[in-house]
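K.L.:
There's a structure below that I have some questions on.
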Amino acid sequence: MSESPQQVGCAVPLGCCGCGCLGLLAVLGLGLVGAGILVWNGIRASGAYRTYQLAVEQLEQNAVVVEQLGDPLRPGWPSRLRFQEDEQAGWACLSFLITGSRRTGEVAVESERGVAGKDSVPLTRTAWQLRHLQVKVDGDPQAIRVIEGGSRCEGEEPPLQPEGEI
């Protein structure tokens with residue numbers, strides 16, 4: 001009796017023998033990583049990332065926040081993010097979790113960047129300014145208001161131009 005030849009390759013009839021599928025998965029994985037890097041670099045170049053940095057700096061310097069949450073503070077990734085900007089103005093609204101050694105809170109922050117100069121003075125870029133910053137600590141009914149400002153981010157999108165100017 002003759003022995004039947006052994007098969008080499010996948011047992012599942014998908015037309016796949018391993019090498020081609022792994023190569024395809026590697027190309028798809030690299031494409032996803034590349035797209036992620038492009039998105040992250042876009043966010044880092046935006047006012048939203050600067051807003052995040054400014055908020056974290058303010059929170060780390062605020063004694064009430066540090067006391068309530070516990071030192072050290074560890075900020076999380078932004079969970080809600082809306083922003084719009086052009087060459088002369090912009091706004092950003094974001095929220096993220098922040099964890100201390102004792103408790104966790106949710107941060108809501110708003111910033112804007114406008115234009116400086118009027119009439120004959122040339123317009124110049126201005127720095128991002130925080131307009132609203134608060135921390136809602138888990139279990140506490142009242143938020144800690146680090147920067148008291150009416151948040152326009154809760155409702156409709158704020159205009160690029162400051163109110164009253166055209």
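Naming scheme: A, B, ... for chains in displayed order of the structure tokens; residues 1 onward per chain; ligands 1 onward as shown.
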Could you list, as an mmCIF file with N, CA and C atoms, in the first residue's frame, every residue within 7 Å of stretch 85-94 of chain A, counting only C-alpha atoms and ignoring same-chain residues fewer than 5 positions away?

P.N.:
data_model
loop_
_atom_site.group_PDB
_atom_site.id
_atom_site.type_symbol
_atom_site.label_atom_id
_atom_site.label_comp_id
_atom_site.auth_asym_id
_atom_site.auth_seq_id
_atom_site.Cartn_x
_atom_site.Cartn_y
_atom_site.Cartn_z
ATOM 1 N N GLY A 47 -4.248 73.983 18.610
ATOM 2 C CA GLY A 47 -4.516 74.671 19.858
ATOM 3 C C GLY A 47 -5.113 73.751 20.905
ATOM 4 N N ALA A 48 -5.731 72.658 20.475
ATOM 5 C CA ALA A 48 -6.312 71.708 21.432
ATOM 6 C C ALA A 48 -5.221 71.092 22.307
ATOM 7 N N PRO A 78 -7.543 63.131 26.314
ATOM 8 C CA PRO A 78 -8.816 63.836 26.099
ATOM 9 C C PRO A 78 -9.895 62.867 25.602
ATOM 10 N N ARG A 80 -13.320 64.061 25.086
ATOM 11 C CA ARG A 80 -14.160 64.865 24.186
ATOM 12 C C ARG A 80 -13.300 66.019 23.706
ATOM 13 N N ALA A 108 -12.978 69.795 32.622
ATOM 14 C CA ALA A 108 -13.581 70.468 31.466
ATOM 15 C C ALA A 108 -12.813 71.768 31.273
ATOM 16 N N VAL A 109 -12.338 72.006 30.061
ATOM 17 C CA VAL A 109 -11.521 73.187 29.796
ATOM 18 C C VAL A 109 -11.904 73.801 28.454
ATOM 19 N N GLU A 110 -11.809 75.115 28.417
ATOM 20 C CA GLU A 110 -12.068 75.881 27.193
ATOM 21 C C GLU A 110 -10.967 76.915 27.052
ATOM 22 N N SER A 111 -10.512 77.113 25.834
ATOM 23 C CA SER A 111 -9.522 78.166 25.576
ATOM 24 C C SER A 111 -9.854 78.842 24.257
ATOM 25 N N GLU A 112 -9.217 79.971 24.064
ATOM 26 C CA GLU A 112 -9.358 80.658 22.788
ATOM 27 C C GLU A 112 -8.108 81.461 22.497
ATOM 28 N N ARG A 113 -7.952 81.733 21.241
ATOM 29 C CA ARG A 113 -6.855 82.565 20.769
ATOM 30 C C ARG A 113 -7.466 83.536 19.798
ATOM 31 N N GLY A 114 -7.236 84.816 20.021
ATOM 32 C CA GLY A 114 -7.815 85.836 19.145
ATOM 33 C C GLY A 114 -6.735 86.603 18.440
ATOM 34 N N VAL A 115 -7.111 87.760 17.962
ATOM 35 C CA VAL A 115 -6.156 88.628 17.287
ATOM 36 C C VAL A 115 -5.963 89.875 18.115
ATOM 37 N N ARG A 125 -0.623 87.307 15.794
ATOM 38 C CA ARG A 125 -1.101 86.116 16.504
ATOM 39 C C ARG A 125 -0.940 86.310 17.996
ATOM 40 N N CYS A 153 -18.709 76.194 25.497
ATOM 41 C CA CYS A 153 -18.563 74.886 24.867
ATOM 42 C C CYS A 153 -19.725 73.957 25.170
ATOM 43 N N LEU A 160 -15.345 82.603 15.992
ATOM 44 C CA LEU A 160 -13.914 82.851 15.928
ATOM 45 C C LEU A 160 -13.573 84.271 16.346
#

K.L.:
Hey, can you check how far atom CA of A:Glu106 sits from atom CA of A:Val137?

P.N.:
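Interatomic distance, atom CA of A:Glu106 to atom CA of A:Val137: 6.5 Å.
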
K.L.:
Which one is closest to A:Val107: A:Ala127, A:Leu81, A:Ala55, A:Ala63? Count only C-alpha atoms.

P.N.:
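Ranking A:Ala127, A:Leu81, A:Ala55, A:Ala63 by distance to A:Val107, first place goes to A:Ala55.
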
K.L.:
Could you please write out, as a list of chain:residue names, every residue of stretch 59-91 of chain A that DSSP assigns to strand (DSSP E or B)?

P.N.:
A:Arg74, A:Pro75, A:Gly76, A:Trp77, A:Pro78, A:Ser79, A:Arg80, A:Leu81, A:Arg82, A:Phe83, A:Gln84, A:Glu85, A:Gly90, A:Trp91

K.L.:
Please report the interatomic distance between atom CA of A:Val65 and atom CA of A:Arg50 in Å with one decimal.

P.N.:
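It comes out at 20.4 Å.
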